[in-house]
file query08.cif (mmCIF, C-alpha atoms)
data_query
#
loop_
_atom_site.group_PDB
_atom_site.id
_atom_site.type_symbol
_atom_site.label_atom_id
_atom_site.label_comp_id
_atom_site.auth_asym_id
_atom_site.auth_seq_id
_atom_site.Cartn_x
_atom_site.Cartn_y
_atom_site.Cartn_z
ATOM 1 C CA ASP A 1 0.000 0.000 0.000
ATOM 2 C CA GLY A 2 1.980 3.004 -1.291
ATOM 3 C CA GLY A 3 1.907 6.368 0.380
ATOM 4 C CA ILE A 4 3.455 8.939 2.655
ATOM 5 C CA THR A 5 3.440 8.568 6.405
ATOM 6 C CA GLN A 6 4.108 11.185 9.016
ATOM 7 C CA SER A 7 4.455 10.645 12.695
ATOM 8 C CA PRO A 8 3.315 11.529 15.187
ATOM 9 C CA LYS A 9 -0.077 13.015 14.310
ATOM 10 C CA TYR A 10 0.019 15.344 17.329
ATOM 11 C CA LEU A 11 3.137 16.541 19.136
ATOM 12 C CA PHE A 12 3.483 18.724 22.190
ATOM 13 C CA ARG A 13 6.758 20.282 23.274
ATOM 14 C CA LYS A 14 8.052 22.857 25.697
ATOM 15 C CA GLU A 15 9.627 26.019 24.372
ATOM 16 C CA GLY A 16 13.380 25.667 23.952
ATOM 17 C CA GLN A 17 13.325 22.026 22.949
ATOM 18 C CA ASN A 18 14.266 20.744 19.513
ATOM 19 C CA VAL A 19 11.804 18.311 17.965
ATOM 20 C CA THR A 20 12.072 16.046 14.916
ATOM 21 C CA LEU A 21 9.116 15.233 12.686
ATOM 22 C CA SER A 22 9.199 12.045 10.696
ATOM 23 C CA CYS A 23 8.268 11.664 7.011
ATOM 24 C CA GLU A 24 8.554 8.393 5.097
ATOM 25 C CA GLN A 25 7.402 7.521 1.573
ATOM 26 C CA ASN A 26 7.338 4.255 -0.345
ATOM 27 C CA LEU A 27 6.298 5.763 -3.675
ATOM 28 C CA ASN A 28 9.873 5.699 -5.002
ATOM 29 C CA HIS A 29 9.667 9.469 -5.473
ATOM 30 C CA ASP A 30 12.896 11.428 -5.856
ATOM 31 C CA ALA A 31 11.632 14.751 -4.524
ATOM 32 C CA MET A 32 10.338 15.480 -1.040
ATOM 33 C CA TYR A 33 9.075 18.671 0.592
ATOM 34 C CA TRP A 34 8.169 20.171 3.943
ATOM 35 C CA TYR A 35 5.484 22.824 4.357
ATOM 36 C CA ARG A 36 3.877 24.509 7.302
ATOM 37 C CA GLN A 37 0.320 25.745 7.394
ATOM 38 C CA ASP A 38 -1.012 28.262 9.874
ATOM 39 C CA PRO A 39 -4.741 28.890 10.430
ATOM 40 C CA GLY A 40 -6.238 30.802 7.509
ATOM 41 C CA GLN A 41 -2.928 30.758 5.667
ATOM 42 C CA GLY A 42 -1.652 29.010 2.607
ATOM 43 C CA LEU A 43 1.086 26.413 2.620
ATOM 44 C CA ARG A 44 4.566 27.818 2.985
ATOM 45 C CA LEU A 45 7.610 25.880 1.837
ATOM 46 C CA ILE A 46 10.272 25.173 4.465
ATOM 47 C CA TYR A 47 12.739 22.879 2.695
ATOM 48 C CA TYR A 48 12.768 20.559 -0.273
ATOM 49 C CA SER A 49 15.023 17.836 -1.587
ATOM 50 C CA GLN A 50 15.334 16.760 -5.192
ATOM 51 C CA ILE A 51 17.620 13.824 -4.541
ATOM 52 C CA VAL A 52 19.340 11.948 -1.726
ATOM 53 C CA ASN A 53 21.999 13.946 0.149
ATOM 54 C CA ASP A 54 20.792 17.216 -1.359
ATOM 55 C CA PHE A 55 18.259 19.762 -0.147
ATOM 56 C CA GLN A 56 17.396 23.440 -0.651
ATOM 57 C CA LYS A 57 15.896 26.085 1.579
ATOM 58 C CA GLY A 58 12.368 27.177 0.888
ATOM 59 C CA ASP A 59 10.742 30.472 1.791
ATOM 60 C CA ILE A 60 10.817 30.041 5.566
ATOM 61 C CA ALA A 61 13.810 27.812 6.397
ATOM 62 C CA GLU A 62 15.061 29.793 9.396
ATOM 63 C CA GLY A 63 14.843 27.748 12.590
ATOM 64 C CA TYR A 64 14.469 24.441 10.749
ATOM 65 C CA SER A 65 16.876 21.751 9.549
ATOM 66 C CA VAL A 66 16.493 18.639 7.410
ATOM 67 C CA SER A 67 18.446 15.638 6.216
ATOM 68 C CA ARG A 68 17.997 13.284 3.265
ATOM 69 C CA GLU A 69 20.164 10.252 3.889
ATOM 70 C CA LYS A 70 17.712 7.840 2.286
ATOM 71 C CA LYS A 71 15.352 8.247 -0.637
ATOM 72 C CA GLU A 72 12.411 7.179 1.518
ATOM 73 C CA SER A 73 12.987 9.512 4.442
ATOM 74 C CA PHE A 74 13.076 13.296 4.921
ATOM 75 C CA PRO A 75 12.933 14.213 8.616
ATOM 76 C CA LEU A 76 12.417 17.808 9.709
ATOM 77 C CA THR A 77 13.887 19.209 12.922
ATOM 78 C CA VAL A 78 12.204 22.228 14.443
ATOM 79 C CA THR A 79 14.880 23.920 16.503
ATOM 80 C CA SER A 80 14.554 26.237 19.470
ATOM 81 C CA ALA A 81 15.541 29.076 17.116
ATOM 82 C CA GLN A 82 12.171 28.888 15.338
ATOM 83 C CA LYS A 83 10.206 31.736 16.883
ATOM 84 C CA ASN A 84 6.665 30.515 16.178
ATOM 85 C CA PRO A 85 6.847 26.731 15.816
ATOM 86 C CA THR A 86 3.223 25.910 16.595
ATOM 87 C CA ALA A 87 1.688 24.917 13.242
ATOM 88 C CA PHE A 88 0.431 22.096 11.040
ATOM 89 C CA TYR A 89 3.426 20.506 9.288
ATOM 90 C CA LEU A 90 2.909 18.725 5.981
ATOM 91 C CA CYS A 91 5.340 16.516 4.125
ATOM 92 C CA ALA A 92 4.915 15.854 0.415
ATOM 93 C CA SER A 93 6.666 14.006 -2.373
ATOM 94 C CA SER A 94 6.702 14.038 -6.165
ATOM 95 C CA ILE A 95 8.322 11.933 -8.857
ATOM 96 C CA GLY A 96 10.629 14.841 -9.636
ATOM 97 C CA THR A 97 10.658 18.605 -9.788
ATOM 98 C CA GLY A 98 10.404 19.081 -13.535
ATOM 99 C CA THR A 99 7.152 20.379 -14.976
ATOM 100 C CA SER A 100 6.167 16.909 -16.166
ATOM 101 C CA PHE A 101 6.298 15.437 -12.699
ATOM 102 C CA ALA A 102 5.141 18.291 -10.563
ATOM 103 C CA GLU A 103 2.143 16.697 -8.843
ATOM 104 C CA GLN A 104 2.817 16.455 -5.147
ATOM 105 C CA TYR A 105 1.234 13.968 -2.784
ATOM 106 C CA PHE A 106 0.907 14.772 0.873
ATOM 107 C CA GLY A 107 1.205 12.873 4.102
ATOM 108 C CA PRO A 108 -1.480 13.277 6.800
ATOM 109 C CA GLY A 109 0.496 15.962 8.622
ATOM 110 C CA THR A 110 1.773 16.551 12.158
ATOM 111 C CA ARG A 111 0.198 19.168 14.433
ATOM 112 C CA LEU A 112 2.948 20.611 16.600
ATOM 113 C CA THR A 113 2.091 22.646 19.665
ATOM 114 C CA VAL A 114 4.876 24.375 21.575
ATOM 115 C CA THR A 115 4.095 25.975 24.917
ATOM 116 C CA ARG B 116 1.075 41.332 -5.947
ATOM 117 C CA LYS B 117 0.715 37.887 -4.371
ATOM 118 C CA GLU B 118 1.913 35.014 -6.530
ATOM 119 C CA VAL B 119 -1.367 33.097 -6.461
ATOM 120 C CA GLU B 120 -4.594 34.831 -5.472
ATOM 121 C CA GLN B 121 -7.953 33.303 -4.733
ATOM 122 C CA ASP B 122 -11.217 34.630 -3.393
ATOM 123 C CA PRO B 123 -11.290 33.119 0.118
ATOM 124 C CA GLY B 124 -15.088 32.854 0.174
ATOM 125 C CA PRO B 125 -16.842 31.186 1.834
ATOM 126 C CA PHE B 126 -19.099 30.144 -0.990
ATOM 127 C CA ASN B 127 -22.347 28.823 0.492
ATOM 128 C CA VAL B 128 -24.451 26.923 -2.053
ATOM 129 C CA PRO B 129 -27.338 24.435 -1.951
ATOM 130 C CA GLU B 130 -26.973 20.874 -3.145
ATOM 131 C CA GLY B 131 -27.247 20.634 -6.903
ATOM 132 C CA ALA B 132 -25.898 24.128 -7.540
ATOM 133 C CA THR B 133 -23.124 24.980 -9.958
ATOM 134 C CA VAL B 134 -20.266 26.971 -8.467
ATOM 135 C CA ALA B 135 -17.120 28.444 -9.995
ATOM 136 C CA PHE B 136 -13.839 29.408 -8.357
ATOM 137 C CA ASN B 137 -11.284 31.694 -9.895
ATOM 138 C CA CYS B 138 -7.574 32.072 -9.367
ATOM 139 C CA THR B 139 -4.976 34.462 -10.769
ATOM 140 C CA TYR B 140 -1.222 34.006 -10.809
ATOM 141 C CA SER B 141 1.486 36.606 -11.200
ATOM 142 C CA ASN B 142 4.413 34.670 -12.685
ATOM 143 C CA SER B 143 4.071 34.448 -16.454
ATOM 144 C CA ALA B 144 6.697 31.674 -16.387
ATOM 145 C CA SER B 145 4.245 29.396 -14.610
ATOM 146 C CA GLN B 146 3.956 26.156 -16.502
ATOM 147 C CA SER B 147 1.986 23.636 -14.476
ATOM 148 C CA PHE B 148 -1.338 24.211 -12.778
ATOM 149 C CA PHE B 149 -3.375 22.194 -10.325
ATOM 150 C CA TRP B 150 -6.410 22.239 -8.093
ATOM 151 C CA TYR B 151 -6.090 20.578 -4.708
ATOM 152 C CA ARG B 152 -8.841 19.932 -2.210
ATOM 153 C CA GLN B 153 -8.263 20.237 1.536
ATOM 154 C CA ASP B 154 -10.779 19.059 4.116
ATOM 155 C CA CYS B 155 -10.784 20.629 7.545
ATOM 156 C CA ARG B 156 -7.643 19.686 9.507
ATOM 157 C CA LYS B 157 -6.531 17.255 6.792
ATOM 158 C CA GLU B 158 -3.818 17.221 4.176
ATOM 159 C CA PRO B 159 -4.361 18.656 0.662
ATOM 160 C CA LYS B 160 -5.267 16.083 -1.975
ATOM 161 C CA LEU B 161 -4.785 16.499 -5.699
ATOM 162 C CA LEU B 162 -8.135 17.094 -7.360
ATOM 163 C CA MET B 163 -6.999 17.631 -10.915
ATOM 164 C CA SER B 164 -4.251 19.020 -13.070
ATOM 165 C CA VAL B 165 -5.199 21.886 -15.386
ATOM 166 C CA TYR B 166 -4.280 21.591 -19.037
ATOM 167 C CA SER B 167 -4.053 24.348 -21.629
ATOM 168 C CA SER B 168 -7.069 23.091 -23.539
ATOM 169 C CA GLY B 169 -9.147 22.763 -20.391
ATOM 170 C CA ASN B 170 -10.137 19.445 -18.925
ATOM 171 C CA GLU B 171 -13.042 17.758 -17.254
ATOM 172 C CA ASP B 172 -13.284 15.042 -14.637
ATOM 173 C CA GLY B 173 -16.866 14.074 -13.925
ATOM 174 C CA ARG B 174 -18.594 17.077 -12.357
ATOM 175 C CA PHE B 175 -15.389 19.112 -12.264
ATOM 176 C CA THR B 176 -14.102 21.281 -15.108
ATOM 177 C CA ALA B 177 -10.848 23.227 -15.042
ATOM 178 C CA GLN B 178 -9.914 26.007 -17.440
ATOM 179 C CA LEU B 179 -6.661 27.884 -18.012
ATOM 180 C CA ASN B 180 -6.264 31.283 -19.655
ATOM 181 C CA ARG B 181 -2.557 31.962 -20.051
ATOM 182 C CA ALA B 182 -3.034 35.403 -21.599
ATOM 183 C CA SER B 183 -4.947 36.605 -18.539
ATOM 184 C CA GLN B 184 -2.983 34.375 -16.117
ATOM 185 C CA TYR B 185 -6.229 32.998 -14.817
ATOM 186 C CA ILE B 186 -7.385 29.525 -13.777
ATOM 187 C CA SER B 187 -10.903 28.412 -12.953
ATOM 188 C CA LEU B 188 -12.640 25.419 -11.430
ATOM 189 C CA LEU B 189 -16.307 24.701 -12.110
ATOM 190 C CA ILE B 190 -18.242 22.241 -9.976
ATOM 191 C CA ARG B 191 -21.599 21.097 -11.309
ATOM 192 C CA ASP B 192 -24.378 19.423 -9.333
ATOM 193 C CA SER B 193 -22.720 20.166 -5.984
ATOM 194 C CA LYS B 194 -22.812 17.445 -3.335
ATOM 195 C CA LEU B 195 -22.582 17.798 0.424
ATOM 196 C CA SER B 196 -19.278 15.955 0.198
ATOM 197 C CA ASP B 197 -17.827 18.736 -1.986
ATOM 198 C CA SER B 198 -17.649 20.978 1.100
ATOM 199 C CA ALA B 199 -13.938 21.719 1.513
ATOM 200 C CA THR B 200 -11.275 24.297 0.761
ATOM 201 C CA TYR B 201 -10.021 24.340 -2.825
ATOM 202 C CA LEU B 202 -6.409 25.331 -3.374
ATOM 203 C CA CYS B 203 -5.126 26.778 -6.627
ATOM 204 C CA VAL B 204 -1.519 25.724 -7.244
ATOM 205 C CA VAL B 205 1.042 26.746 -9.880
ATOM 206 C CA LYS B 206 4.579 25.795 -10.763
ATOM 207 C CA SER B 207 7.063 27.775 -12.790
ATOM 208 C CA ARG B 208 8.698 26.422 -15.918
ATOM 209 C CA GLN B 209 12.054 26.331 -14.147
ATOM 210 C CA ALA B 210 12.996 22.837 -13.053
ATOM 211 C CA GLY B 211 13.850 22.434 -9.412
ATOM 212 C CA THR B 212 11.296 24.929 -8.188
ATOM 213 C CA ALA B 213 8.489 23.986 -5.891
ATOM 214 C CA LEU B 214 4.745 24.500 -6.139
ATOM 215 C CA ILE B 215 3.173 27.813 -5.127
ATOM 216 C CA PHE B 216 -0.109 27.435 -3.267
ATOM 217 C CA GLY B 217 -2.962 29.901 -3.039
ATOM 218 C CA LYS B 218 -4.639 30.331 0.344
ATOM 219 C CA GLY B 219 -7.728 28.525 -0.859
ATOM 220 C CA THR B 220 -11.420 29.104 -1.422
ATOM 221 C CA THR B 221 -13.852 27.591 1.049
ATOM 222 C CA LEU B 222 -16.992 25.890 -0.253
ATOM 223 C CA SER B 223 -19.912 24.907 1.935
ATOM 224 C CA VAL B 224 -22.698 22.873 0.322
ATOM 225 C CA SER B 225 -25.919 22.597 2.300
ATOM 226 C CA SER B 226 -29.007 20.417 1.940
#

call {"tool": "encode", "arguments": {"input": "query08.cif", "output": "C-alpha cells"}}
result
Amino acid sequence: DGGITQSPKYLFRKEGQNVTLSCEQNLNHDAMYWYRQDPGQGLRLIYYSQIVNDFQKGDIAEGYSVSREKKESFPLTVTSAQKNPTAFYLCASSIGTGTSFAEQYFGPGTRLTVT
Amino acid sequence: RKEVEQDPGPFNVPEGATVAFNCTYSNSASQSFFWYRQDCRKEPKLLMSVYSSGNEDGRFTAQLNRASQYISLLIRDSKLSDSATYLCVVKSRQAGTALIFGKGTTLSVSS
C-alpha cells in the first residue's frame, strides 16, 4: 500500500526544545518537501530535496533543519531558534521537480504545539 | 502582488448548484497548474491538473487562460461531500522549483 506517512499526528513540546518530525514515503519518489500551514494561511515551503543527500531552503527555512540520507525519508527538525513553531506541518513528495512530474502527494500531517 | 490569489469565500451553495472558483497568478513563467482539495484539519489532496485546452473530470471542469494568467474550477451538481477548501496551485517552468499554493477558497454545500 503506497503512500506517505508522518508521525506523530500530534506533538506537544516545551519552548526551547528541539523536535524532529518524521516523514517516510514508499512511492519511489525522488523529490520530497516540507510545508507549514497556519490557520487561515496558505502552505509555505520550508525545505525541499530533489535527490538523496541534497536539499534546498524554501521560503521560511530559518529555525528548521532537514536531512535526506535515504530516498524514503526526509525528517524535519524544528529547533529552538524557530520563533513561532506551533503549526500544522505537511510533508509531500513528487516523482521529480520538472514540470512533467510536478504533482505532489501529501502525508497526513503533524500538528505541533509548543508551549 | 501575491503570486497566487484566490477569493477566500466562503461560498455557500445548496446541493445541486453549480459553483465556480477563480484564481490568478502573477508569474508568467508558470507552466503547471493544479487544483487541490483540503478538508478541515486534513492534508491537501490532488483534485486535478489543469491543461491548456481545459479538462473535465466528472462534475469538475478546469480552465486555463494563459493570456490573462487565470485559472478556474467549475463544480456542477454540488454534493454535500464537496464541502472543503479548494487550493489553486502553480509551478514555474524552471525545473527544481516547488509549487506555489494559493490560500484557498472555502466551499460549503448545504441540503

call {"tool": "atom_distance", "arguments": {"input": "query08.cif", "atom1": "atom CA of Thr77 of chain A", "atom2": "atom CA of Ser94 of chain A"}}
result
21.0 Å

call {"tool": "interface_residues", "arguments": {"input": "query08.cif", "of": "chain A", "to": "chain B", "cutoff": "10 Å", "atoms": "all atoms listed in the file", "output": "PyMOL selection string"}}
result
chain A and resi 31-33+37+39-45+47-50+56+58+88-92+96-111

call {"tool": "resolve_selection", "arguments": {"input": "query08.cif", "expression": "the PyMOL selection byres ((chain A and resi 18) around 8)", "output": "VMD selection string"}}
result
chain A and resid 16 to 17 19 to 20 77 to 80

call {"tool": "resolve_selection", "arguments": {"input": "query08.cif", "expression": "the PyMOL selection byres ((chain B and resi 134-143) around 8)", "output": "number ranges by chain"}}
result
B: 116-122, 128, 132-133, 144-145, 181, 184-191, 193, 203, 205, 207, 220

call {"tool": "resolve_selection", "arguments": {"input": "query08.cif", "expression": "the PyMOL selection byres ((chain B and resi 129) around 7)", "output": "compact mmCIF listing (two decimals) with C-alpha atoms, keeping the file's coordinate frame"}}
result
# COMPACT_ATOMS: atom_id res chain seq x y z
CA VAL B 128 -24.45 26.92 -2.05
CA GLU B 130 -26.97 20.87 -3.14
CA GLY B 131 -27.25 20.63 -6.90
CA ALA B 132 -25.90 24.13 -7.54
CA VAL B 224 -22.70 22.87 0.32
CA SER B 225 -25.92 22.60 2.30
CA SER B 226 -29.01 20.42 1.94
